[in-house]
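Participant: What follows is the file coords15.pdb, containing PDB, N, CA and C atoms:
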ATOM      1  N   MET A   1       9.923  -6.146  47.914
ATOM      2  CA  MET A   1      10.876  -6.139  46.827
ATOM      3  C   MET A   1      10.330  -6.895  45.621
ATOM      4  N   LYS A   2       9.629  -7.972  45.848
ATOM      5  CA  LYS A   2       9.100  -8.772  44.756
ATOM      6  C   LYS A   2       8.068  -7.980  43.947
ATOM      7  N   ALA A   3       7.225  -7.194  44.622
ATOM      8  CA  ALA A   3       6.222  -6.392  43.917
ATOM      9  C   ALA A   3       6.890  -5.357  43.017
ATOM     10  N   THR A   4       7.978  -4.779  43.468
ATOM     11  CA  THR A   4       8.699  -3.796  42.665
ATOM     12  C   THR A   4       9.298  -4.446  41.429
ATOM     13  N   THR A   5       9.847  -5.617  41.584
ATOM     14  CA  THR A   5      10.441  -6.336  40.458
ATOM     15  C   THR A   5       9.372  -6.681  39.428
ATOM     16  N   ASN A   6       8.211  -7.153  39.852
ATOM     17  CA  ASN A   6       7.136  -7.495  38.923
ATOM     18  C   ASN A   6       6.622  -6.260  38.191
ATOM     19  N   ALA A   7       6.494  -5.141  38.899
ATOM     20  CA  ALA A   7       6.032  -3.913  38.262
ATOM     21  C   ALA A   7       7.055  -3.442  37.235
ATOM     22  N   TYR A   8       8.323  -3.556  37.550
ATOM     23  CA  TYR A   8       9.381  -3.155  36.616
ATOM     24  C   TYR A   8       9.378  -4.067  35.387
ATOM     25  N   SER A   9       9.228  -5.367  35.596
ATOM     26  CA  SER A   9       9.212  -6.321  34.491
ATOM     27  C   SER A   9       8.011  -6.074  33.590
ATOM     28  N   LYS A  10       6.868  -5.778  34.171
ATOM     29  CA  LYS A  10       5.674  -5.514  33.378
ATOM     30  C   LYS A  10       5.879  -4.257  32.538
ATOM     31  N   SER A  11       6.521  -3.273  33.097
ATOM     32  CA  SER A  11       6.780  -2.048  32.355
ATOM     33  C   SER A  11       7.687  -2.328  31.149
ATOM     34  N   ILE A  12       8.689  -3.150  31.337
ATOM     35  CA  ILE A  12       9.585  -3.516  30.227
ATOM     36  C   ILE A  12       8.825  -4.332  29.196
ATOM     37  N   ASP A  13       7.981  -5.264  29.638
ATOM     38  CA  ASP A  13       7.190  -6.064  28.709
ATOM     39  C   ASP A  13       6.250  -5.185  27.889
ATOM     40  N   ASP A  14       5.627  -4.205  28.542
ATOM     41  CA  ASP A  14       4.738  -3.293  27.824
ATOM     42  C   ASP A  14       5.509  -2.478  26.798
ATOM     43  N   THR A  15       6.686  -2.025  27.177
ATOM     44  CA  THR A  15       7.514  -1.254  26.260
ATOM     45  C   THR A  15       7.937  -2.107  25.065
ATOM     46  N   ASN A  16       8.321  -3.351  25.327
ATOM     47  CA  ASN A  16       8.703  -4.256  24.237
ATOM     48  C   ASN A  16       7.519  -4.524  23.312
ATOM     49  N   GLN A  17       6.344  -4.727  23.906
ATOM     50  CA  GLN A  17       5.151  -4.988  23.096
ATOM     51  C   GLN A  17       4.804  -3.771  22.245
ATOM     52  N   ASP A  18       4.954  -2.578  22.805
ATOM     53  CA  ASP A  18       4.703  -1.356  22.039
ATOM     54  C   ASP A  18       5.679  -1.248  20.868
ATOM     55  N   ALA A  19       6.942  -1.596  21.108
ATOM     56  CA  ALA A  19       7.943  -1.551  20.033
ATOM     57  C   ALA A  19       7.610  -2.566  18.942
ATOM     58  N   ILE A  20       7.182  -3.744  19.342
ATOM     59  CA  ILE A  20       6.807  -4.783  18.373
ATOM     60  C   ILE A  20       5.594  -4.333  17.571
ATOM     61  N   ASP A  21       4.601  -3.756  18.256
ATOM     62  CA  ASP A  21       3.412  -3.259  17.559
ATOM     63  C   ASP A  21       3.776  -2.175  16.556
ATOM     64  N   GLN A  22       4.662  -1.282  16.928
ATOM     65  CA  GLN A  22       5.087  -0.206  16.035
ATOM     66  C   GLN A  22       5.799  -0.762  14.806
ATOM     67  N   GLN A  23       6.671  -1.725  15.004
ATOM     68  CA  GLN A  23       7.397  -2.314  13.877
ATOM     69  C   GLN A  23       6.460  -3.086  12.961
ATOM     70  N   ALA A  24       5.495  -3.784  13.546
ATOM     71  CA  ALA A  24       4.523  -4.516  12.732
ATOM     72  C   ALA A  24       3.693  -3.548  11.894
ATOM     73  N   ALA A  25       3.326  -2.420  12.481
ATOM     74  CA  ALA A  25       2.564  -1.419  11.738
ATOM     75  C   ALA A  25       3.399  -0.848  10.592
ATOM     76  N   GLU A  26       4.678  -0.620  10.829
ATOM     77  CA  GLU A  26       5.550  -0.100   9.777
ATOM     78  C   GLU A  26       5.714  -1.105   8.641
ATOM     79  N   VAL A  27       5.842  -2.370   8.966
ATOM     80  CA  VAL A  27       5.949  -3.408   7.936
ATOM     81  C   VAL A  27       4.652  -3.480   7.139
ATOM     82  N   GLY A  28       3.528  -3.446   7.831
ATOM     83  CA  GLY A  28       2.235  -3.478   7.147
ATOM     84  C   GLY A  28       2.061  -2.303   6.214
ATOM     85  N   MET A  29       2.442  -1.126   6.663
ATOM     86  CA  MET A  29       2.340   0.063   5.826
ATOM     87  C   MET A  29       3.274  -0.050   4.624
ATOM     88  N   GLY A  30       4.458  -0.607   4.822
ATOM     89  CA  GLY A  30       5.389  -0.805   3.707
ATOM     90  C   GLY A  30       4.826  -1.742   2.658
ATOM     91  N   VAL A  31       4.175  -2.805   3.089
ATOM     92  CA  VAL A  31       3.562  -3.750   2.153
ATOM     93  C   VAL A  31       2.444  -3.068   1.370
ATOM     94  N   ILE A  32       1.624  -2.284   2.061
ATOM     95  CA  ILE A  32       0.526  -1.589   1.393
ATOM     96  C   ILE A  32       1.064  -0.596   0.365
ATOM     97  N   VAL A  33       2.088   0.144   0.722
ATOM     98  CA  VAL A  33       2.681   1.117  -0.205
ATOM     99  C   VAL A  33       3.303   0.403  -1.408
ATOM    100  N   ALA A  34       3.960  -0.710  -1.182
ATOM    101  CA  ALA A  34       4.582  -1.446  -2.285
ATOM    102  C   ALA A  34       3.533  -1.992  -3.256
ATOM    103  N   VAL A  35       2.458  -2.549  -2.732
ATOM    104  CA  VAL A  35       1.405  -3.090  -3.592
ATOM    105  C   VAL A  35       0.729  -1.962  -4.372
ATOM    106  N   THR A  36       0.516  -0.832  -3.717
ATOM    107  CA  THR A  36      -0.083   0.321  -4.399
ATOM    108  C   THR A  36       0.825   0.827  -5.507
ATOM    109  N   ALA A  37       2.118   0.891  -5.249
ATOM    110  CA  ALA A  37       3.068   1.343  -6.268
ATOM    111  C   ALA A  37       3.082   0.387  -7.457
ATOM    112  N   LEU A  38       3.064  -0.902  -7.198
ATOM    113  CA  LEU A  38       3.036  -1.878  -8.295
ATOM    114  C   LEU A  38       1.747  -1.763  -9.100
ATOM    115  N   SER A  39       0.640  -1.538  -8.429
ATOM    116  CA  SER A  39      -0.637  -1.374  -9.119
ATOM    117  C   SER A  39      -0.622  -0.131 -10.008
ATOM    118  N   GLY A  40      -0.095   0.959  -9.504
ATOM    119  CA  GLY A  40       0.010   2.177 -10.298
ATOM    120  C   GLY A  40       0.932   2.012 -11.486
ATOM    121  N   LEU A  41       2.031   1.319 -11.276
ATOM    122  CA  LEU A  41       2.975   1.057 -12.363
ATOM    123  C   LEU A  41       2.328   0.196 -13.441
ATOM    124  N   TRP A  42       1.563  -0.803 -13.033
ATOM    125  CA  TRP A  42       0.876  -1.667 -13.991
ATOM    126  C   TRP A  42      -0.153  -0.858 -14.780
ATOM    127  N   GLY A  43      -0.898   0.009 -14.115
ATOM    128  CA  GLY A  43      -1.884   0.845 -14.806
ATOM    129  C   GLY A  43      -1.232   1.772 -15.815
ATOM    130  N   ALA A  44      -0.126   2.387 -15.427
ATOM    131  CA  ALA A  44       0.592   3.278 -16.343
ATOM    132  C   ALA A  44       1.135   2.502 -17.537
ATOM    133  N   THR A  45       1.623   1.298 -17.303
ATOM    134  CA  THR A  45       2.131   0.453 -18.393
ATOM    135  C   THR A  45       1.016   0.100 -19.371
ATOM    136  N   CYS A  46      -0.148  -0.242 -18.846
ATOM    137  CA  CYS A  46      -1.288  -0.570 -19.713
ATOM    138  C   CYS A  46      -1.730   0.643 -20.518
ATOM    139  N   LEU A  47      -1.747   1.809 -19.897
ATOM    140  CA  LEU A  47      -2.132   3.030 -20.600
ATOM    141  C   LEU A  47      -1.155   3.338 -21.729
ATOM    142  N   LEU A  48       0.130   3.236 -21.452
ATOM    143  CA  LEU A  48       1.133   3.494 -22.482
ATOM    144  C   LEU A  48       1.071   2.462 -23.606
ATOM    145  N   SER A  49       0.771   1.228 -23.261
ATOM    146  CA  SER A  49       0.636   0.188 -24.274
ATOM    147  C   SER A  49      -0.548   0.473 -25.191
ATOM    148  N   ALA A  50      -1.673   0.846 -24.607
ATOM    149  CA  ALA A  50      -2.847   1.183 -25.423
ATOM    150  C   ALA A  50      -2.575   2.407 -26.287
ATOM    151  N   LEU A  51      -1.874   3.365 -25.743
ATOM    152  CA  LEU A  51      -1.523   4.559 -26.505
ATOM    153  C   LEU A  51      -0.621   4.210 -27.684
ATOM    154  N   ALA A  52       0.326   3.339 -27.466
ATOM    155  CA  ALA A  52       1.251   2.941 -28.533
ATOM    156  C   ALA A  52       0.541   2.129 -29.614
ATOM    157  N   GLN A  53      -0.416   1.313 -29.236
ATOM    158  CA  GLN A  53      -1.098   0.458 -30.204
ATOM    159  C   GLN A  53      -2.192   1.191 -30.975
ATOM    160  N   ASN A  54      -2.882   2.132 -30.326
ATOM    161  CA  ASN A  54      -4.071   2.726 -30.933
ATOM    162  C   ASN A  54      -3.950   4.208 -31.253
ATOM    163  N   GLY A  55      -3.016   4.901 -30.654
ATOM    164  CA  GLY A  55      -2.923   6.347 -30.852
ATOM    165  C   GLY A  55      -3.829   7.097 -29.883
ATOM    166  N   ILE A  56      -3.601   8.390 -29.789
ATOM    167  CA  ILE A  56      -4.298   9.195 -28.794
ATOM    168  C   ILE A  56      -5.790   9.338 -29.101
ATOM    169  N   VAL A  57      -6.148   9.445 -30.388
ATOM    170  CA  VAL A  57      -7.554   9.656 -30.754
ATOM    171  C   VAL A  57      -8.379   8.412 -30.456
ATOM    172  N   ARG A  58      -7.912   7.264 -30.882
ATOM    173  CA  ARG A  58      -8.655   6.025 -30.615
ATOM    174  C   ARG A  58      -8.667   5.692 -29.132
ATOM    175  N   LEU A  59      -7.585   6.049 -28.428
ATOM    176  CA  LEU A  59      -7.547   5.826 -26.983
ATOM    177  C   LEU A  59      -8.612   6.679 -26.294
ATOM    178  N   ALA A  60      -8.709   7.951 -26.664
ATOM    179  CA  ALA A  60      -9.711   8.835 -26.078
ATOM    180  C   ALA A  60     -11.121   8.373 -26.441
ATOM    181  N   ALA A  61     -11.317   7.970 -27.687
ATOM    182  CA  ALA A  61     -12.634   7.495 -28.114
ATOM    183  C   ALA A  61     -13.024   6.224 -27.361
ATOM    184  N   GLY A  62     -12.105   5.323 -27.195
ATOM    185  CA  GLY A  62     -12.385   4.094 -26.449
ATOM    186  C   GLY A  62     -12.680   4.375 -24.982
ATOM    187  N   TRP A  63     -11.959   5.332 -24.407
ATOM    188  CA  TRP A  63     -12.201   5.691 -23.010
ATOM    189  C   TRP A  63     -13.597   6.291 -22.846
ATOM    190  N   LEU A  64     -13.959   7.218 -23.755
ATOM    191  CA  LEU A  64     -15.300   7.814 -23.693
ATOM    192  C   LEU A  64     -16.388   6.776 -23.899
ATOM    193  N   GLU A  65     -16.150   5.859 -24.797
ATOM    194  CA  GLU A  65     -17.138   4.795 -25.031
ATOM    195  C   GLU A  65     -17.298   3.924 -23.785
ATOM    196  N   ALA A  66     -16.215   3.653 -23.108
ATOM    197  CA  ALA A  66     -16.291   2.850 -21.890
ATOM    198  C   ALA A  66     -17.017   3.594 -20.770
ATOM    199  N   ILE A  67     -16.816   4.902 -20.679
ATOM    200  CA  ILE A  67     -17.453   5.695 -19.622
ATOM    201  C   ILE A  67     -18.929   5.929 -19.929
ATOM    202  N   ILE A  68     -19.218   6.365 -21.155
ATOM    203  CA  ILE A  68     -20.593   6.709 -21.533
ATOM    204  C   ILE A  68     -21.397   5.463 -21.863
ATOM    205  N   GLY A  69     -20.765   4.508 -22.464
ATOM    206  CA  GLY A  69     -21.449   3.296 -22.910
ATOM    207  C   GLY A  69     -21.768   3.433 -24.393
ATOM    208  N   GLY A  70     -21.924   2.345 -25.008
ATOM    209  CA  GLY A  70     -22.279   2.486 -26.418
ATOM    210  C   GLY A  70     -21.772   1.378 -27.183
TER
END
What's the structure tokens form of this structure?

Facilitator:
Amino acid sequence: MKATTNAYSKSIDDTNQDAIDQQAAEVGMGVIVAVTALSGLWGATCLLSALAQNGIVRLAAGWLEAIIGG
């Protein structure tokens, strides 16, 4: 009887550990998605700011200069 109880308890412990691992992975993925979204939002804000300050022509010229060099 004792061996059966230990095997049953181990099965429950494994199931609990799997659930904890799954939840930890979901939290980690949520953090990664949130940081990526904030980074994209910051990039879009910077692009719009440069567009508002310099106009489309100077923005394109500055981008080409940064890519090509000069």

Participant: Interatomic distance between atom C of A:Ile56 and atom N of A:Ser39?

Facilitator: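 Atom N of A:Ser39 lies at a distance of 24.2 Å from atom C of A:Ile56.
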
Participant: With 5 Å on each side, where is the centre of the axis-aligned box around all listed atoms of stretch 35-47 of chain A, and how long are its edges in Å to one decimal, as JSON?

Facilitator:
{"center_x": 0.5, "center_y": 0.1, "center_z": -12.2, "size_x": 15.2, "size_y": 16.4, "size_z": 29.0}

Participant: Provide the atom CA of A:Ser49 to atom N of A:Ala37 distance in Å, to one decimal place.

Facilitator: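 Distance between the two atoms: 19.1 Å.
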